[in-house]
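Below is start13.csv, holding CSV, C-alpha atoms.
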chain,number,residue,atom,x,y,z
Q,199,MET,CA,128.2,-135.3,-78.9
Q,200,SER,CA,124.7,-135.3,-77.5
Q,201,ASP,CA,121.7,-136.5,-79.5
Q,202,PHE,CA,118.7,-134.3,-80.3
Q,203,THR,CA,115.2,-134.8,-81.6
Q,204,VAL,CA,113.0,-132.6,-83.7
Q,205,ARG,CA,109.2,-132.7,-83.2
Q,206,PRO,CA,106.1,-130.6,-83.7
Q,207,ALA,CA,105.9,-127.7,-81.3
Q,208,THR,CA,103.3,-127.5,-78.6
Q,209,THR,CA,101.9,-124.6,-76.7
Q,210,ARG,CA,104.3,-125.5,-73.8
Q,211,ASP,CA,107.2,-124.7,-76.2
Q,212,VAL,CA,106.1,-121.1,-77.1
Q,213,ARG,CA,107.8,-119.3,-74.3
Q,214,GLY,CA,111.0,-121.2,-75.0
Q,215,ILE,CA,110.7,-120.3,-78.7
Q,216,GLN,CA,110.4,-116.7,-77.7
Q,217,ARG,CA,113.5,-117.0,-75.4
Q,218,MET,CA,115.5,-118.5,-78.3
Q,219,LEU,CA,114.3,-115.7,-80.7
Q,220,GLU,CA,115.1,-112.8,-78.4
Q,221,PRO,CA,118.9,-112.7,-78.9
Q,222,PHE,CA,118.4,-112.8,-82.7
Q,223,VAL,CA,116.0,-109.9,-82.5
Q,224,GLN,CA,118.5,-107.9,-80.4
Q,225,ARG,CA,121.2,-108.6,-83.1
Q,226,ARG,CA,118.6,-107.5,-85.8
Q,227,ILE,CA,118.9,-110.9,-87.5
Q,228,LEU,CA,115.2,-111.9,-87.0
Q,229,LEU,CA,112.1,-109.8,-86.5
Q,230,GLY,CA,110.5,-110.0,-83.0
Q,231,LYS,CA,107.2,-111.7,-82.6
Q,232,ASP,CA,104.7,-111.0,-79.8
Q,233,LEU,CA,103.9,-114.0,-77.6
Q,234,VAL,CA,100.3,-114.0,-78.9
Q,235,VAL,CA,101.6,-114.3,-82.5
Q,236,LEU,CA,103.8,-117.3,-81.6
Q,237,TYR,CA,100.8,-119.0,-79.9
Q,238,GLU,CA,98.6,-118.4,-82.9
Q,239,ALA,CA,101.3,-119.9,-85.1
Q,240,VAL,CA,102.4,-122.8,-82.9
Q,241,GLN,CA,101.1,-125.4,-85.3
Q,242,GLN,CA,103.6,-124.0,-87.9
Q,243,PHE,CA,106.6,-124.8,-85.7
Q,244,VAL,CA,108.9,-127.7,-85.1
Q,245,VAL,CA,111.3,-127.6,-82.2
Q,246,ALA,CA,114.6,-129.4,-81.6
Q,247,GLU,CA,115.4,-130.5,-78.1
Q,248,ASP,CA,118.5,-132.1,-76.5
Q,249,GLU,CA,118.4,-135.3,-74.5
Q,250,ASP,CA,117.3,-133.3,-71.4
Q,251,GLY,CA,114.3,-131.8,-73.1
Q,252,THR,CA,115.9,-128.3,-73.4
Q,253,LEU,CA,115.0,-126.5,-76.6
Q,254,ILE,CA,118.0,-126.0,-78.9
Q,255,GLY,CA,116.3,-124.9,-82.1
Q,256,CYS,CA,113.1,-124.2,-84.0
Q,257,GLY,CA,111.7,-123.4,-87.3
Q,258,ALA,CA,108.3,-122.7,-88.9
Q,259,LEU,CA,106.5,-123.4,-92.1
Q,260,HIS,CA,104.2,-120.6,-93.2
Q,261,VAL,CA,101.8,-121.3,-96.1
Q,262,MET,CA,101.7,-118.3,-98.5
Q,263,TRP,CA,99.7,-119.7,-101.5
Q,264,GLU,CA,98.5,-123.0,-102.9
Q,265,ASP,CA,102.0,-124.0,-104.0
Q,266,LEU,CA,104.2,-121.6,-102.0
Q,267,GLY,CA,105.4,-121.7,-98.4
Q,268,GLU,CA,108.1,-119.9,-96.4
Q,269,ILE,CA,110.6,-121.3,-93.9
Q,270,ARG,CA,110.8,-118.7,-91.1
Q,271,THR,CA,112.0,-118.3,-87.6
Q,272,LEU,CA,114.8,-120.8,-88.2
Q,273,ILE,CA,116.9,-120.8,-85.0
Q,274,VAL,CA,119.7,-123.0,-83.6
Q,275,VAL,CA,121.2,-121.9,-80.3
Q,276,ASP,CA,124.9,-121.1,-80.6
Q,277,GLU,CA,126.1,-124.2,-78.6
Q,278,TRP,CA,124.4,-126.5,-81.1
Q,279,LEU,CA,125.5,-124.8,-84.4
Q,280,HIS,CA,127.2,-127.0,-87.0
Q,281,ARG,CA,125.9,-130.2,-85.5
Q,282,GLY,CA,123.0,-130.9,-87.9
Q,283,VAL,CA,120.2,-129.4,-86.0
Q,284,GLY,CA,119.3,-126.8,-88.6
Q,285,ARG,CA,119.5,-129.3,-91.4
Q,286,VAL,CA,117.1,-131.7,-89.6
Q,287,ILE,CA,114.7,-128.8,-88.8
Q,288,VAL,CA,114.6,-127.8,-92.5
Q,289,GLU,CA,114.1,-131.4,-93.6
Q,290,LYS,CA,111.1,-131.7,-91.3
Q,291,LEU,CA,109.6,-128.4,-92.6
Q,292,GLU,CA,110.2,-129.6,-96.2
Q,293,ASP,CA,108.4,-132.9,-95.4
Q,294,ALA,CA,105.5,-130.9,-93.9
Q,295,ALA,CA,105.4,-128.7,-97.0
Q,296,ARG,CA,105.2,-131.7,-99.3
Q,297,THR,CA,102.4,-133.1,-97.3
Q,298,LEU,CA,100.5,-129.9,-97.7
Q,299,GLY,CA,101.1,-129.8,-101.5
Q,300,ILE,CA,103.6,-127.0,-101.5
Q,301,THR,CA,106.0,-127.2,-104.4
Q,302,ARG,CA,108.1,-124.0,-103.7
Q,303,LEU,CA,109.7,-122.9,-100.5
Q,304,PHE,CA,110.9,-119.4,-99.9
Q,305,CYS,CA,113.2,-118.0,-97.2
Q,306,LEU,CA,114.7,-114.7,-96.4
Q,307,THR,CA,118.1,-115.2,-94.8
Q,308,PHE,CA,121.6,-114.1,-93.9
Q,309,GLU,CA,122.7,-117.8,-94.0
Q,310,VAL,CA,122.9,-118.1,-97.8
Q,311,GLU,CA,125.5,-120.9,-97.8
Q,312,PHE,CA,123.4,-123.0,-95.4
Q,313,PHE,CA,120.3,-122.7,-97.6
Q,314,GLN,CA,122.3,-123.2,-100.8
Q,315,ARG,CA,123.6,-126.5,-99.5
Q,316,ARG,CA,119.9,-127.5,-99.1
Q,317,GLY,CA,118.9,-126.6,-102.7
Q,318,PHE,CA,117.7,-123.1,-102.3
Q,319,ALA,CA,118.9,-120.4,-104.8
Q,320,PRO,CA,118.8,-116.6,-104.7
Q,321,ILE,CA,115.8,-115.2,-106.5
Q,322,GLY,CA,115.0,-111.9,-108.2
Q,323,GLU,CA,112.0,-109.7,-108.0
Q,324,GLN,CA,109.2,-111.6,-109.7
Q,325,VAL,CA,108.5,-115.1,-108.6
Q,326,VAL,CA,104.7,-115.2,-108.8
Q,327,ASP,CA,102.4,-114.3,-111.6
Q,328,PRO,CA,100.5,-111.0,-111.5
Q,329,ASP,CA,97.2,-112.6,-110.4
Q,330,VAL,CA,98.8,-114.3,-107.4
Q,331,TYR,CA,100.7,-111.1,-106.6
Q,332,SER,CA,97.4,-109.2,-106.5
Q,333,GLN,CA,96.1,-111.7,-104.0
Q,334,LEU,CA,99.2,-111.9,-101.8
Q,335,ILE,CA,99.5,-108.1,-101.6
Q,336,ARG,CA,96.3,-108.2,-99.5
Q,337,SER,CA,97.9,-110.3,-96.8
Q,338,PRO,CA,98.7,-108.5,-93.5
Q,339,ASP,CA,101.6,-110.8,-92.8
Q,340,GLU,CA,105.0,-109.1,-92.8
Q,341,GLY,CA,106.7,-112.3,-94.2
Q,342,VAL,CA,104.5,-112.1,-97.2
Q,343,ALA,CA,105.4,-108.4,-97.7
Q,344,GLU,CA,109.1,-109.4,-97.4
Q,345,PHE,CA,108.6,-112.1,-100.0
Q,346,LEU,CA,107.0,-109.6,-102.4
Q,347,ASP,CA,109.9,-107.2,-101.6
Q,348,LEU,CA,107.5,-104.4,-100.8
Q,349,ALA,CA,109.1,-101.0,-100.0
Q,350,HIS,CA,107.7,-100.7,-96.4
Q,351,VAL,CA,109.7,-103.8,-95.3
Q,352,LYS,CA,113.0,-102.9,-97.0
Q,353,PRO,CA,114.6,-101.6,-93.7
Q,354,ASN,CA,113.8,-105.1,-92.2
Q,355,THR,CA,115.4,-107.0,-95.0
Q,356,LEU,CA,118.6,-105.1,-95.6
Q,357,GLY,CA,121.5,-107.6,-96.0
Q,358,ASN,CA,119.1,-110.6,-96.3
Q,359,THR,CA,118.9,-112.7,-99.4
Q,360,ARG,CA,115.6,-113.9,-100.8
Q,361,MET,CA,115.9,-117.6,-101.8
Q,362,LEU,CA,113.6,-120.2,-103.3
Q,363,LYS,CA,113.7,-124.0,-103.5
Q,364,ARG,CA,111.5,-126.2,-105.7
Q,365,LEU,CA,110.4,-129.4,-103.9
Would you encode the structure as structure tokens?
Amino acid sequence: MSDFTVRPATTRDVRGIQRMLEPFVQRRILLGKDLVVLYEAVQQFVVAEDEDGTLIGCGALHVMWEDLGEIRTLIVVDEWLHRGVGRVIVEKLEDAARTLGITRLFCLTFEVEFFQRRGFAPIGEQVVDPDVYSQLIRSPDEGVAEFLDLAHVKPNTLGNTRMLKRL
């Protein structure tokens, strides 16, 4: 079994992140992201690479509120599934969240068992108080709309489970 490393993403990784993302967009598992959006968010990403420097996974931490963040765009290429890559990516993102002062992490996923093994639990409708909700609803970010379970994103989230972890 080959070794891999997980590190902060750089702008040189963005096109590789988009290449990893595309098959999941085609299978309607993840939402597509324009290249410019990925470049704007590159500092949110960590990437996993094999010994040859080939990207084999990625994930991003998106800050939503003072105590709330989202793990998004978590990808592990098929050949590297079940080899610990996703677990290490999530651990790195959780460490980054703690450093930022985030105490709750959200994800929207089909991979419920994977996230449950990492301490996430399915959540219901209301996870923020009305004051925070009134601020979050102003965000143009689709991930925030998915977190709030707004009607206009329901077609994007069918079959996904909304999950939360307290750090």
Query raised in the report: How far is it from atom CA of Leu253 of chain Q to atom CA of Ile215 of chain Q, in Å with one decimal?
Result: 7.8 Å
**Report entry** Residue neighbourhood segment 279-292 of chain Q, 9 Å, all atoms listed in the file, exclusion window fewer than 2 positions, as a ChimeraX atom specification
**Finding:** /Q:199,202-205,242-246,254-259,269,272-277,294-297,300,303,312,316,365
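Between Leu298 of chain Q and the candidates Q:Arg315, Q:Arg213, Q:Arg225, Q:His260, the tightest atom-to-atom separation, counting all atoms listed in the file, involves Q:His260.
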Requested in this report: Could you give me, as a ChimeraX atom specification, the residues within 12 Å of Thr307 of chain Q, counting only C-alpha atoms and dropping anything in the same chain fewer than 2 positions from it?
Outcome: /Q:226-229,268-273,304-305,309-314,318-321,341,344-345,354-362
Report summary line: As a check of understanding: the span from atom CA of Arg364 of chain Q to atom CA of Gln333 of chain Q is 21.2 Å
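Residue nearest Met262 of chain Q within the list Q:Gly322, Q:Gly214, Q:Pro338, Q:Gly317: Q:Pro338 [criterion: smallest interatomic distance, all atoms listed in the file].
For the atom pair formed by atom CA of Lys231 of chain Q and atom CA of Val261 of chain Q, the distance is 17.4 Å, given to one decimal.
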